[in-house]
Amino acid sequence: MSESPVAVNDRLRDLHAMWRIRALEEKVRDLRLEELIVGSVHLSNGQESIAVAACSELRPQDALYATYRGHGWAVARGVPPRNILAELLARSTGVNGGRGGSAHFSAPEFGFHGENSIVGAGAPTAVGAALAARYDGSGRVAVSVFGDGAMNQGAVTEAMNFAAAFGLGVIFICENNRYSELTPINDMVANPDLSQRATALGIPAVRVDGNDLSQVRTAMSLSVASAAAGRGPSFIEAHTQRIVGHYIGDAEQYRPAGELDADMIVEPIARLARELETAGVGRHAIDRCEARARDEIERAASQALADPLVDPSTAKEHLYA
Amino acid sequence: MSESPVAVNDRLRDLHAMWRIRALEEKVRDLRLEELIVGSVHLSNGQESIAVAACSELRPQDALYATYRGHGWAVARGVPPRNILAELLARSTGVNGGRGGSAHFSAPEFGFHGENSIVGAGAPTAVGAALAARYDGSGRVAVSVFGDGAMNQGAVTEAMNFAAAFGLGVIFICENNRYSELTPINDMVANPDLSQRATALGIPAVRVDGNDLSQVRTAMSLSVASAAAGRGPSFIEAHTQRIVGHYIGDAEQYRPAGELDADMIVEPIARLARELETAGVGRHAIDRCEARARDEIERAASQALADPLVDPSTAKEHLYA
Amino acid sequence: MPEAVKLNVGGAVNAALARCLEEMPETILYGEDVGKPGGVFGISRGLQKRFGDRVFDTPISETAMLGAAVGAASFGRRPIVEIMWIDFSLVALDQIVNQAANVRYVSEGRTTAPLTIRTQQGNSPGACAQHSQNLEALLLHIPGIRVCMPRTGQDAYDLVLSAVACEDPTVVIENRTLYAGAKEEVTIGGEILPIGGHRRRRDGDHATVVTWGSITTRVLDAVDRLAADGLTADVLEMVWLNPFDHSAVLESVRRTGRLLVVHEAARTGGFGAEVVARVVESGTVLLAPPRRLGLNDSRIPSAPQLAAALIPQTEQIASELREVIGWTHAGDGS
Amino acid sequence: MPEAVKLNVGGAVNAALARCLEEMPETILYGEDVGKPGGVFGISRGLQKRFGDRVFDTPISETAMLGAAVGAASFGRRPIVEIMWIDFSLVALDQIVNQAANVRYVSEGRTTAPLTIRTQQGNSPGACAQHSQNLEALLLHIPGIRVCMPRTGQDAYDLVLSAVACEDPTVVIENRTLYAGAKEEVTIGGEILPIGGHRRRRDGDHATVVTWGSITTRVLDAVDRLAADGLTADVLEMVWLNPFDHSAVLESVRRTGRLLVVHEAARTGGFGAEVVARVVESGTVLLAPPRRLGLNDSRIPSAPQLAAALIPQTEQIASELREVIGWTHAGDGS
Ligand SMILES: Cc1ncc(C[n+]2csc(CCOP(=O)(O)OP(=O)(O)O)c2C)c(N)n1
Ligand SMILES: Cc1ncc(C[n+]2csc(CCOP(=O)(O)OP(=O)(O)O)c2C)c(N)n1
Ligand SMILES: [Mg+2]
Ligand SMILES: [Mg+2]
């Protein structure tokens, strides 16, 4: 066993953190198939490493903005699974009492400032969180997460330029999972290196293997330090893969033969488990990461399912101050 | 005299072409100050070389889309000054019978597909003209003209990417006159090289001295050839200066001391006149370019002023087919 | 030659699009996931295979998509653009309002924009606030844009064809909850109708109910419930919202003397207000105050039971209709 | 302590902004050309000098500007964003409707967006179609957004303050033709009023005229003309459009029995329809059918005489009012 016990423990912690997301997403899928959850849900299976690694570099005062594919980011930010599941299950214990739902919930008390179901629209909002930091002395860093496809939405360019022009502390994370819904990103751009768009705006940009936790961490830690020190925005293009459909029921006919099989080998949970095994970590310790995560999520789901449904008589509340 | 007579004649023709624009703009300013023209007008004084050089490379089937600062582009495209002035003067002989006005007129019969008063909004439309060419066998090249400030409007990035992804024959011309209204572009971007944004999208891009007709021509001729041959879009960032206010009445307090004086030396009409003189061309020939242009514009203005005002009873026409 | 086939609403739209592409060589069809995958709702399935590069996918760039439609339309194409959700049109409304709606008028008819935007709207259980709005009223306040809203398979087929054939920019607002419904008999291949008109879904004496969109189904259920009590109502489904058949509404209200307008869109500032205003402006004497039902002026929550508390349900429509019919102007001599 | 000063409307807005920046340290003010140049209409002149980097210029990126306001507002700032023309808001309406309007509701009150958008709208002679629209009705159909429309210097001052102090996202719609008008006495430094309410500009017996925005001036001229014939009308200027003081309208109409609504926005689908609908829904008995005047459902041409033929002018308002007053329900026994 070549690695130090500390390093191994850290990596087991990462594996567990990723499993918490995976277990939650699988539970969401089950609940959706049982129609206990209704409506569209977008799972992040296969992309967990980016959320886990990125959030491990964030401080409590930092503000993260995700997309509709945001369950994993919420978990990584520390939002309790019970309250996430309750939200999807329309329970009063949901993080937003059922108003947000799977695709548009938030939990600002955990630095999770919300999913967004308009592609690209969260980027300008994140810029605003960083703009506020210019005045409030919080040292807050804002993180805007979006997909490859969102790069083609004007809002994202506007947000990046706004942050660049004013040197605002925003980290733009592009989760490049190769697809925008059912369409390959490479068919929708002439230059597949999306990070160059940030560079052209004067934003330091890197491309990393999103399945490699340490690459994401390094990029994040530099970006957070830079933003917190007032040196402005950064851009991280993290290559990844979603190993489930865009939505539940997606027939995934757009995938070339063999792609998913290859993805299943490199996806971050399989990869880290394999790496740990190679490093001599016992199967039991590895499996326990999954088991603990599944247990926790099972309990969270039971609790959420036992929680009261939101009360329709409150439907008009919170529209105005 | 080192230049061939042919070359000299071509350059005198350019000078005359630029003077036609300048004379029109100055007439517009006079009519505006007399309140014969009402409302906001945006003049292109100092930027004439780009329109003249670019349009000299276009064919009749090509489609040009300008901004509110579009009088010069219309003239360069061959729209008769009388009908332009009549449009601004709300005459029935105006290119759009007074409906368009200074900031939003078009004359498609001359390949001038319109000004646009929403910053950046003409770029997607130009893309559509090129998209149509994919099916109609016209070989049409579309030209989208916009300012430096427009680069920060999401529509422009979306349009450029759309054209790049599909290899559409659009030439994006960014007239970088250093200001967006009253604000220096360099205060609003982190990277002043705007052309890099196009490069990042996979679009071949050049930066040229817009005051140099031959630089603009060369860039245009390559771009037109490339677009017409189905090799996709190009981007030309042409550096220029507006030697008048953004609008009439603009106090221009944003200009650093001495800037305008320096601009008056490099602006394309003064520059070309000086070059011709240096090349040994007589003052008379040079002056005649201006005189002929002013004569033509005076006549056009008299005609337009004598033309009937648009008839208010037609106000409801042309809303629907 | 017309032919009756069994289609659900999604299939009917697909058939209409296929016919447009077949018979109007100038049509092109595009949108996010519209080409190769055949659309997230499967509406354009098979069309790229059949019509090649006239059917294609686009980047997630609604502004570019719509602007390109304006430009292509002015050069003889007849673009049919899918905006996946009407909520997303708000990132690009400029291209609809300031560009498409303007070109014909501002150019004195020299440039035209015969384009069709197909989109869909409305709440479905669990949908989030950004995927639930009914925004037709925004477009109906914009001179220069035609708007229609099919609900049945037949209308879905007919209206898409009329919209595409129409020389004005036209927005067809569909509803995703209807696409995969039961197959009904749809006559395809018939004459392409001009735009405009309404559908009279019920004949009655005691009130006029004006409605549009998927909520019409609830309205019909509500009206049918009242029939048990001998109360009947005209139900006019306004499949075309611009042009709007105000005269059909007037003609009915003149007879029944009572009016209820039902839409899923927010009540305040909704197009129901226009319907009511036109009727009362006409001087038509009403036997009871007119009423409107719509979303109870709120954002739309994801939890289905919350959304259901805000959007008119069958029972609420029925009781509102009962009240309209039961009401008599106090102190009104007529 | 309140103080009376002489200001034109532009000056009044400037004074209000200065007071916001002075008294509410969490305010920030930005927009295109707003900082160093002091705004294209000079409204923010001197403020950057005085308040430093809390007042700044932005790129031409309305989506980024508005989104940044949503984000900054949720972190304790109180952004005041200038959108130069309301027409330009259409490139970024998503940020107003899908983002700003949603956050409080969707987050169950955990995230709020106390931001103010200052913009201006309307036609001015020679303005093009893309710089002339009156779009308040679009916002008034969106639950979650407050909207007001000042006309006088005093209201310009007061409403900006109320909007900025308000915890909801609020749009203040000004009118550029009013900024540089004559100076009037404006009381500054007084109490900041809560949002809502109307202004009764005339008292009369024969009709109620409801109006808002710069066209109110024409309405007042029209009403004053009729006074020569002994015809008088209540004129209610609805400076707040959301919340809208429907009860004030009702109270007046109950007394006068006649209603005319005048706005510069397009008639069809305009908010005038809502005003009319609310009145008739209330069961108030009218002596004549209500009427609405607005832009005659058109794009807006640049030629001033064409625009004038489409937008209500004083004479037209006067004659419409005469007709409302002169009309009696034929066959109506009351
Ligand atoms: C403005 C807008 N346009 C379209 C959509 C529909 N839509 C939802 S997700 C999606 C694909 C986004 O792809 P990407 O940015 O790569 O993110 P991913 O889903 O792969 O995480 C699209 C087109 C939307 N929600 N908003
Ligand atoms: C979407 C939009 N935002 C703002 C404006 C107001 N505006 C008109 S011109 C202009 C500056 C444009 O600068 P640039 O693109 O450099 O062009 P230039 O005027 O220098 O030719 C602005 C902000 C507008 N017309 N449209
Ligand atoms: Mg993706
Ligand atoms: Mg410029």
# chains A, B, ... in the order shown; residues from 1 in each chain; ligands from 1

call {"tool": "calpha_fit_and_write", "arguments": {"fixed": "chain B", "moving": "chain A", "output": "CSV table (one decimal) with C-alpha atoms, in the first residue's frame"}}
result
chain,number,residue,atom,x,y,z
A,1,MET,CA,3.7,61.2,-59.5
A,2,SER,CA,4.5,57.7,-58.5
A,3,GLU,CA,1.0,56.1,-58.9
A,4,SER,CA,-0.6,54.9,-62.1
A,5,PRO,CA,-3.5,57.1,-63.3
A,6,VAL,CA,-5.8,54.2,-62.8
A,7,ALA,CA,-4.8,53.8,-59.2
A,8,VAL,CA,-5.2,57.5,-58.7
A,9,ASN,CA,-8.6,57.5,-60.3
A,10,ASP,CA,-9.7,54.6,-58.0
A,11,ARG,CA,-8.5,56.6,-55.0
A,12,LEU,CA,-10.3,59.7,-56.1
A,13,ARG,CA,-13.4,57.6,-56.6
A,14,ASP,CA,-13.0,56.4,-53.0
A,15,LEU,CA,-12.6,59.9,-51.8
A,16,HIS,CA,-15.7,60.9,-53.6
A,17,ALA,CA,-17.6,58.0,-52.2
A,18,MET,CA,-16.6,58.9,-48.7
A,19,TRP,CA,-17.5,62.5,-49.3
A,20,ARG,CA,-21.0,61.5,-50.4
A,21,ILE,CA,-21.4,60.0,-47.0
A,22,ARG,CA,-19.8,62.9,-45.1
A,23,ALA,CA,-21.9,65.4,-47.1
A,24,LEU,CA,-25.1,63.5,-46.4
A,25,GLU,CA,-24.3,63.3,-42.7
A,26,GLU,CA,-23.5,67.0,-42.5
A,27,LYS,CA,-26.7,67.8,-44.3
A,28,VAL,CA,-28.6,65.5,-41.8
A,29,ARG,CA,-27.1,67.4,-39.0
A,30,ASP,CA,-28.1,70.7,-40.4
A,31,LEU,CA,-31.6,69.6,-41.1
A,32,ARG,CA,-31.8,68.2,-37.6
A,33,LEU,CA,-30.5,71.5,-36.1
A,34,GLU,CA,-33.2,73.3,-38.1
A,35,GLU,CA,-35.7,70.8,-36.7
A,36,LEU,CA,-36.8,69.8,-40.2
A,37,ILE,CA,-35.6,66.4,-39.2
A,38,VAL,CA,-36.8,65.5,-35.7
A,39,GLY,CA,-35.7,62.9,-33.2
A,40,SER,CA,-32.4,61.2,-32.6
A,41,VAL,CA,-29.9,60.8,-35.4
A,42,HIS,CA,-26.6,59.1,-35.2
A,43,LEU,CA,-23.9,60.2,-37.7
A,44,SER,CA,-21.0,58.2,-39.0
A,45,ASN,CA,-18.6,61.0,-39.7
A,46,GLY,CA,-15.1,59.7,-39.5
A,47,GLN,CA,-16.1,56.1,-40.2
A,48,GLU,CA,-16.8,56.4,-43.9
A,49,SER,CA,-13.9,54.3,-45.1
A,50,ILE,CA,-15.2,51.1,-43.7
A,51,ALA,CA,-18.5,51.4,-45.4
A,52,VAL,CA,-17.0,52.5,-48.7
A,53,ALA,CA,-14.3,49.8,-48.8
A,54,ALA,CA,-16.5,47.0,-47.5
A,55,CYS,CA,-19.4,47.7,-49.9
A,56,SER,CA,-17.0,47.9,-52.8
A,57,GLU,CA,-16.4,44.2,-52.4
A,58,LEU,CA,-20.1,43.2,-52.2
A,59,ARG,CA,-22.2,42.0,-55.1
A,60,PRO,CA,-25.8,42.9,-55.7
A,61,GLN,CA,-27.1,39.7,-54.2
A,62,ASP,CA,-25.3,40.3,-50.9
A,63,ALA,CA,-27.3,41.4,-47.9
A,64,LEU,CA,-26.0,44.1,-45.6
A,65,TYR,CA,-27.4,44.7,-42.1
A,66,ALA,CA,-26.3,47.9,-40.3
A,67,THR,CA,-27.0,49.6,-37.0
A,68,TYR,CA,-28.8,52.9,-36.2
A,69,ARG,CA,-25.5,54.5,-37.3
A,70,GLY,CA,-26.3,53.3,-40.8
A,71,HIS,CA,-26.8,56.2,-43.2
A,72,GLY,CA,-23.3,55.8,-44.5
A,73,TRP,CA,-23.7,52.1,-45.1
A,74,ALA,CA,-26.9,52.8,-47.0
A,75,VAL,CA,-25.2,55.3,-49.2
A,76,ALA,CA,-22.3,53.0,-49.8
A,77,ARG,CA,-24.7,50.3,-50.8
A,78,GLY,CA,-26.2,52.6,-53.4
A,79,VAL,CA,-29.4,53.8,-51.8
A,80,PRO,CA,-30.1,57.2,-53.3
A,81,PRO,CA,-29.5,60.1,-50.9
A,82,ARG,CA,-32.8,61.7,-51.9
A,83,ASN,CA,-34.7,58.8,-50.6
A,84,ILE,CA,-32.7,58.5,-47.4
A,85,LEU,CA,-33.1,62.2,-46.7
A,86,ALA,CA,-36.8,61.9,-47.6
A,87,GLU,CA,-37.1,59.1,-45.1
A,88,LEU,CA,-35.6,61.2,-42.3
A,89,LEU,CA,-37.8,64.1,-43.4
A,90,ALA,CA,-41.0,62.0,-43.2
A,91,ARG,CA,-41.7,62.3,-46.9
A,92,SER,CA,-43.6,59.8,-48.9
A,93,THR,CA,-40.5,59.3,-51.1
A,94,GLY,CA,-38.6,58.1,-48.1
A,95,VAL,CA,-37.2,54.6,-48.5
A,96,ASN,CA,-39.9,53.4,-46.1
A,97,GLY,CA,-42.4,56.2,-46.3
A,98,GLY,CA,-41.2,57.6,-43.0
A,99,ARG,CA,-41.9,54.5,-41.0
A,100,GLY,CA,-38.3,53.7,-40.5
A,101,GLY,CA,-36.8,57.0,-39.8
A,102,SER,CA,-33.1,57.8,-39.3
A,103,ALA,CA,-32.4,54.8,-37.0
A,104,HIS,CA,-34.4,52.0,-38.5
A,105,PHE,CA,-34.7,52.3,-42.3
A,106,SER,CA,-34.1,49.7,-45.0
A,107,ALA,CA,-33.9,49.5,-48.7
A,108,PRO,CA,-33.7,45.8,-49.6
A,109,GLU,CA,-33.8,46.6,-53.3
A,110,PHE,CA,-30.3,47.9,-52.8
A,111,GLY,CA,-29.1,45.1,-50.7
A,112,PHE,CA,-29.4,47.3,-47.6
A,113,HIS,CA,-31.5,45.2,-45.3
A,114,GLY,CA,-31.8,47.7,-42.6
A,115,GLU,CA,-30.6,49.5,-39.7
A,116,ASN,CA,-31.4,48.2,-36.3
A,117,SER,CA,-31.8,50.2,-33.2
A,118,ILE,CA,-31.5,47.4,-30.7
A,119,VAL,CA,-27.8,46.9,-30.1
A,120,GLY,CA,-26.7,43.6,-31.5
A,121,ALA,CA,-30.1,42.5,-32.7
A,122,GLY,CA,-29.2,42.7,-36.4
A,123,ALA,CA,-26.5,40.0,-36.1
A,124,PRO,CA,-29.0,37.1,-35.8
A,125,THR,CA,-31.0,38.5,-38.7
A,126,ALA,CA,-28.0,38.6,-40.9
A,127,VAL,CA,-27.3,35.0,-40.0
A,128,GLY,CA,-30.8,34.2,-41.3
A,129,ALA,CA,-30.0,35.8,-44.7
A,130,ALA,CA,-27.0,33.5,-44.9
A,131,LEU,CA,-29.0,30.5,-43.7
A,132,ALA,CA,-31.5,31.2,-46.6
A,133,ALA,CA,-28.5,31.1,-49.0
A,134,ARG,CA,-27.9,27.5,-48.0
A,135,TYR,CA,-31.1,26.6,-49.8
A,136,ASP,CA,-31.6,29.1,-52.5
A,137,GLY,CA,-28.4,28.8,-54.5
A,138,SER,CA,-28.0,32.5,-54.6
A,139,GLY,CA,-24.5,32.5,-53.3
A,140,ARG,CA,-25.6,35.4,-51.1
A,141,VAL,CA,-23.2,36.7,-48.5
A,142,ALA,CA,-24.6,38.4,-45.5
A,143,VAL,CA,-22.8,41.2,-43.7
A,144,SER,CA,-23.6,42.2,-40.2
A,145,VAL,CA,-22.2,45.5,-39.0
A,146,PHE,CA,-22.1,46.5,-35.4
A,147,GLY,CA,-20.1,48.5,-32.9
A,148,ASP,CA,-17.5,47.6,-30.3
A,149,GLY,CA,-20.1,47.9,-27.6
A,150,ALA,CA,-22.4,45.5,-29.3
A,151,MET,CA,-19.9,42.7,-28.7
A,152,ASN,CA,-21.1,42.6,-25.1
A,153,GLN,CA,-24.7,42.0,-26.1
A,154,GLY,CA,-25.4,38.2,-25.9
A,155,ALA,CA,-27.2,38.3,-29.3
A,156,VAL,CA,-23.9,38.9,-31.1
A,157,THR,CA,-22.1,35.9,-29.6
A,158,GLU,CA,-25.2,33.7,-30.3
A,159,ALA,CA,-25.2,34.9,-33.9
A,160,MET,CA,-21.5,34.3,-34.4
A,161,ASN,CA,-21.7,30.8,-32.9
A,162,PHE,CA,-24.7,29.9,-34.9
A,163,ALA,CA,-23.0,31.0,-38.1
A,164,ALA,CA,-19.8,29.2,-37.1
A,165,ALA,CA,-21.4,26.0,-36.1
A,166,PHE,CA,-23.2,25.8,-39.5
A,167,GLY,CA,-20.6,27.3,-41.6
A,168,LEU,CA,-22.9,30.1,-42.8
A,169,GLY,CA,-21.6,32.9,-45.1
A,170,VAL,CA,-21.8,35.8,-42.8
A,171,ILE,CA,-19.2,38.5,-42.4
A,172,PHE,CA,-19.3,40.2,-39.0
A,173,ILE,CA,-17.8,43.7,-39.2
A,174,CYS,CA,-17.2,45.3,-35.8
A,175,GLU,CA,-16.6,49.0,-36.2
A,176,ASN,CA,-14.5,49.7,-33.2
A,177,ASN,CA,-14.8,53.4,-32.7
A,178,ARG,CA,-13.6,53.0,-29.0
A,179,TYR,CA,-16.9,54.2,-27.5
A,180,SER,CA,-20.3,52.8,-26.8
A,181,GLU,CA,-22.3,55.9,-26.7
A,182,LEU,CA,-20.5,57.8,-23.9
A,183,THR,CA,-18.4,55.0,-22.4
A,184,PRO,CA,-15.0,53.8,-23.6
A,185,ILE,CA,-15.1,50.1,-24.7
A,186,ASN,CA,-11.8,49.5,-22.9
A,187,ASP,CA,-13.5,50.2,-19.6
A,188,MET,CA,-16.2,47.6,-20.4
A,189,VAL,CA,-14.0,44.6,-21.3
A,190,ALA,CA,-10.9,42.9,-19.8
A,191,ASN,CA,-9.4,42.0,-23.2
A,192,PRO,CA,-9.5,44.9,-25.7
A,193,ASP,CA,-8.8,42.6,-28.6
A,194,LEU,CA,-12.4,41.9,-29.5
A,195,SER,CA,-11.5,39.8,-32.5
A,196,GLN,CA,-10.4,37.0,-30.2
A,197,ARG,CA,-13.9,36.3,-29.3
A,198,ALA,CA,-14.6,35.4,-32.9
A,199,THR,CA,-11.5,33.3,-33.0
A,200,ALA,CA,-12.6,31.4,-29.9
A,201,LEU,CA,-15.8,30.5,-31.7
A,202,GLY,CA,-13.8,29.1,-34.6
A,203,ILE,CA,-14.3,32.1,-36.9
A,204,PRO,CA,-11.3,33.5,-38.8
A,205,ALA,CA,-10.8,37.0,-37.5
A,206,VAL,CA,-8.6,40.0,-38.4
A,207,ARG,CA,-8.1,43.4,-36.9
A,208,VAL,CA,-7.6,46.2,-39.4
A,209,ASP,CA,-7.0,49.9,-39.5
A,210,GLY,CA,-10.4,51.0,-40.6
A,211,ASN,CA,-9.1,54.3,-41.9
A,212,ASP,CA,-7.1,52.4,-44.4
A,213,LEU,CA,-9.3,51.5,-47.3
A,214,SER,CA,-7.0,48.9,-48.7
A,215,GLN,CA,-6.8,47.0,-45.4
A,216,VAL,CA,-10.6,46.9,-45.2
A,217,ARG,CA,-10.8,45.9,-48.8
A,218,THR,CA,-8.4,43.1,-48.5
A,219,ALA,CA,-10.1,41.7,-45.5
A,220,MET,CA,-13.5,42.0,-47.1
A,221,SER,CA,-12.4,40.5,-50.4
A,222,LEU,CA,-11.0,37.4,-48.6
A,223,SER,CA,-14.1,37.2,-46.4
A,224,VAL,CA,-16.6,37.5,-49.3
A,225,ALA,CA,-14.7,34.9,-51.3
A,226,SER,CA,-14.7,32.6,-48.4
A,227,ALA,CA,-18.3,33.0,-47.6
A,228,ALA,CA,-19.4,32.7,-51.2
A,229,ALA,CA,-17.4,29.5,-51.5
A,230,GLY,CA,-19.3,28.0,-48.6
A,231,ARG,CA,-16.3,28.2,-46.2
A,232,GLY,CA,-18.3,30.0,-43.5
A,233,PRO,CA,-18.2,33.2,-41.6
A,234,SER,CA,-15.4,35.7,-41.0
A,235,PHE,CA,-14.9,38.5,-38.5
A,236,ILE,CA,-13.3,41.9,-39.2
A,237,GLU,CA,-12.6,44.3,-36.4
A,238,ALA,CA,-12.0,47.6,-38.0
A,239,HIS,CA,-10.6,50.4,-35.8
A,240,THR,CA,-12.0,53.7,-36.5
A,241,GLN,CA,-13.2,56.9,-34.8
A,242,ARG,CA,-16.3,58.9,-34.8
A,243,ILE,CA,-15.4,62.5,-35.1
A,244,VAL,CA,-18.8,63.8,-34.0
A,245,GLY,CA,-21.0,63.1,-31.0
A,246,HIS,CA,-22.9,59.8,-30.5
A,247,TYR,CA,-26.0,61.8,-31.1
A,248,ILE,CA,-26.6,65.4,-32.0
A,249,GLY,CA,-26.2,67.4,-28.9
A,250,ASP,CA,-23.7,65.0,-27.3
A,251,ALA,CA,-21.4,67.2,-25.2
A,252,GLU,CA,-18.6,64.6,-25.7
A,253,GLN,CA,-17.2,65.3,-22.2
A,254,TYR,CA,-15.9,61.7,-22.2
A,255,ARG,CA,-13.2,62.4,-24.7
A,256,PRO,CA,-9.7,62.9,-23.3
A,257,ALA,CA,-8.1,66.2,-24.2
A,258,GLY,CA,-6.4,66.1,-27.6
A,259,GLU,CA,-8.2,62.9,-28.7
A,260,LEU,CA,-10.4,64.6,-31.3
A,261,ASP,CA,-7.5,66.6,-32.7
A,262,ALA,CA,-5.5,63.4,-33.2
A,263,ASP,CA,-8.6,61.7,-34.7
A,264,MET,CA,-9.1,64.6,-37.2
A,265,ILE,CA,-5.6,63.8,-38.6
A,266,VAL,CA,-6.2,60.1,-39.1
A,267,GLU,CA,-9.8,60.1,-40.1
A,268,PRO,CA,-10.2,58.6,-43.5
A,269,ILE,CA,-11.1,61.6,-45.6
A,270,ALA,CA,-8.4,63.8,-44.3
A,271,ARG,CA,-6.0,60.9,-44.6
A,272,LEU,CA,-6.8,60.0,-48.1
A,273,ALA,CA,-6.8,63.6,-49.3
A,274,ARG,CA,-3.3,64.0,-47.7
A,275,GLU,CA,-2.1,60.8,-49.3
A,276,LEU,CA,-3.4,61.9,-52.7
A,277,GLU,CA,-1.6,65.2,-52.3
A,278,THR,CA,1.6,63.5,-51.4
A,279,ALA,CA,1.1,61.3,-54.4
A,280,GLY,CA,1.1,64.5,-56.5
A,281,VAL,CA,-2.6,64.7,-57.3
A,282,GLY,CA,-3.6,68.3,-57.7
A,283,ARG,CA,-5.7,70.1,-55.1
A,284,HIS,CA,-8.4,70.8,-57.7
A,285,ALA,CA,-9.1,67.1,-58.4
A,286,ILE,CA,-9.2,66.4,-54.6
A,287,ASP,CA,-11.5,69.3,-53.9
A,288,ARG,CA,-13.8,68.3,-56.7
A,289,CYS,CA,-14.6,65.1,-54.9
A,290,GLU,CA,-16.0,67.1,-52.0
A,291,ALA,CA,-17.7,69.6,-54.3
A,292,ARG,CA,-19.4,67.0,-56.4
A,293,ALA,CA,-20.6,65.2,-53.4
A,294,ARG,CA,-22.0,68.3,-51.7
A,295,ASP,CA,-23.7,69.3,-54.9
A,296,GLU,CA,-25.4,66.0,-55.2
A,297,ILE,CA,-26.5,66.0,-51.6
A,298,GLU,CA,-27.8,69.6,-51.8
A,299,ARG,CA,-29.9,68.6,-54.8
A,300,ALA,CA,-31.1,65.5,-53.0
A,301,ALA,CA,-32.1,67.5,-50.0
A,302,SER,CA,-33.9,70.1,-52.1
A,303,GLN,CA,-35.8,67.3,-53.8
A,304,ALA,CA,-36.6,65.6,-50.6
A,305,LEU,CA,-37.8,68.8,-49.0
A,306,ALA,CA,-40.0,69.4,-51.9
A,307,ASP,CA,-41.5,65.9,-51.7
A,308,PRO,CA,-44.9,65.5,-50.1
A,309,LEU,CA,-45.1,64.6,-46.4
A,310,VAL,CA,-46.3,61.1,-45.7
A,311,ASP,CA,-50.0,60.9,-45.5
A,312,PRO,CA,-51.3,60.3,-41.9
A,313,SER,CA,-54.3,58.4,-43.3
A,314,THR,CA,-51.9,55.6,-44.3
A,315,ALA,CA,-50.7,55.1,-40.7
A,316,LYS,CA,-52.4,51.8,-40.3
A,317,GLU,CA,-51.2,50.2,-43.5
A,318,HIS,CA,-48.6,47.4,-43.7
A,319,LEU,CA,-49.0,46.0,-40.2
A,320,TYR,CA,-50.2,42.7,-41.5
A,321,ALA,CA,-50.2,41.0,-44.9

call {"tool": "select_by_dssp", "arguments": {"residues": "region 97-267 of chain B", "states": "strand (DSSP E or B)", "output": "JSON, numbers by chain"}}
result
{"B": [107, 112, 142, 143, 144, 145, 146, 147, 170, 171, 172, 173, 174, 175, 176, 179, 180, 183, 184, 205, 206, 207, 208, 209, 234, 235, 236, 237, 238, 239]}

call {"tool": "interface_residues", "arguments": {"of": "chain D", "to": "chain B", "cutoff": "12 Å", "atoms": "only C-alpha atoms", "output": "VMD selection string"}}
result
chain D and resid 31 to 42 56 to 65 84 to 92 123 to 132 177 295 to 311

call {"tool": "closest_residue", "arguments": {"among": "C:Pro79, C:Gly67, C:Gly52, C:Pro312", "to": "Arg218 (chain C)", "atoms": "only C-alpha atoms"}}
result
C:Pro312

call {"tool": "select_by_dssp", "arguments": {"residues": "region 27-273 of chain A", "states": "helix (DSSP H, G or I)", "output": "PyMOL selection string"}}
result
chain A and resi 27-33+48-56+71-77+81-88+108-110+122-136+149-152+154-166+185-187+195-200+213-228+259-266+268-273

call {"tool": "decode", "arguments": {"residues": "region 97-108 of chain A", "atoms": "C-alpha atoms", "output": "short mmCIF file (atom, residue, chain, number, x, y, z; two decimals), in the first residue's frame"}}
result
data_model
loop_
_atom_site.label_atom_id
_atom_site.label_comp_id
_atom_site.auth_asym_id
_atom_site.auth_seq_id
_atom_site.Cartn_x
_atom_site.Cartn_y
_atom_site.Cartn_z
CA GLY A 97 -41.84 23.90 0.84
CA GLY A 98 -42.38 22.36 -2.56
CA ARG A 99 -42.35 25.63 -4.47
CA GLY A 100 -39.02 24.98 -6.14
CA GLY A 101 -39.23 21.32 -6.99
CA SER A 102 -36.54 19.19 -8.55
CA ALA A 103 -35.41 21.78 -11.06
CA HIS A 104 -35.54 25.07 -9.23
CA PHE A 105 -34.85 24.67 -5.52
CA SER A 106 -32.44 26.57 -3.36
CA ALA A 107 -31.08 26.44 0.16
CA PRO A 108 -29.24 29.71 0.72
#
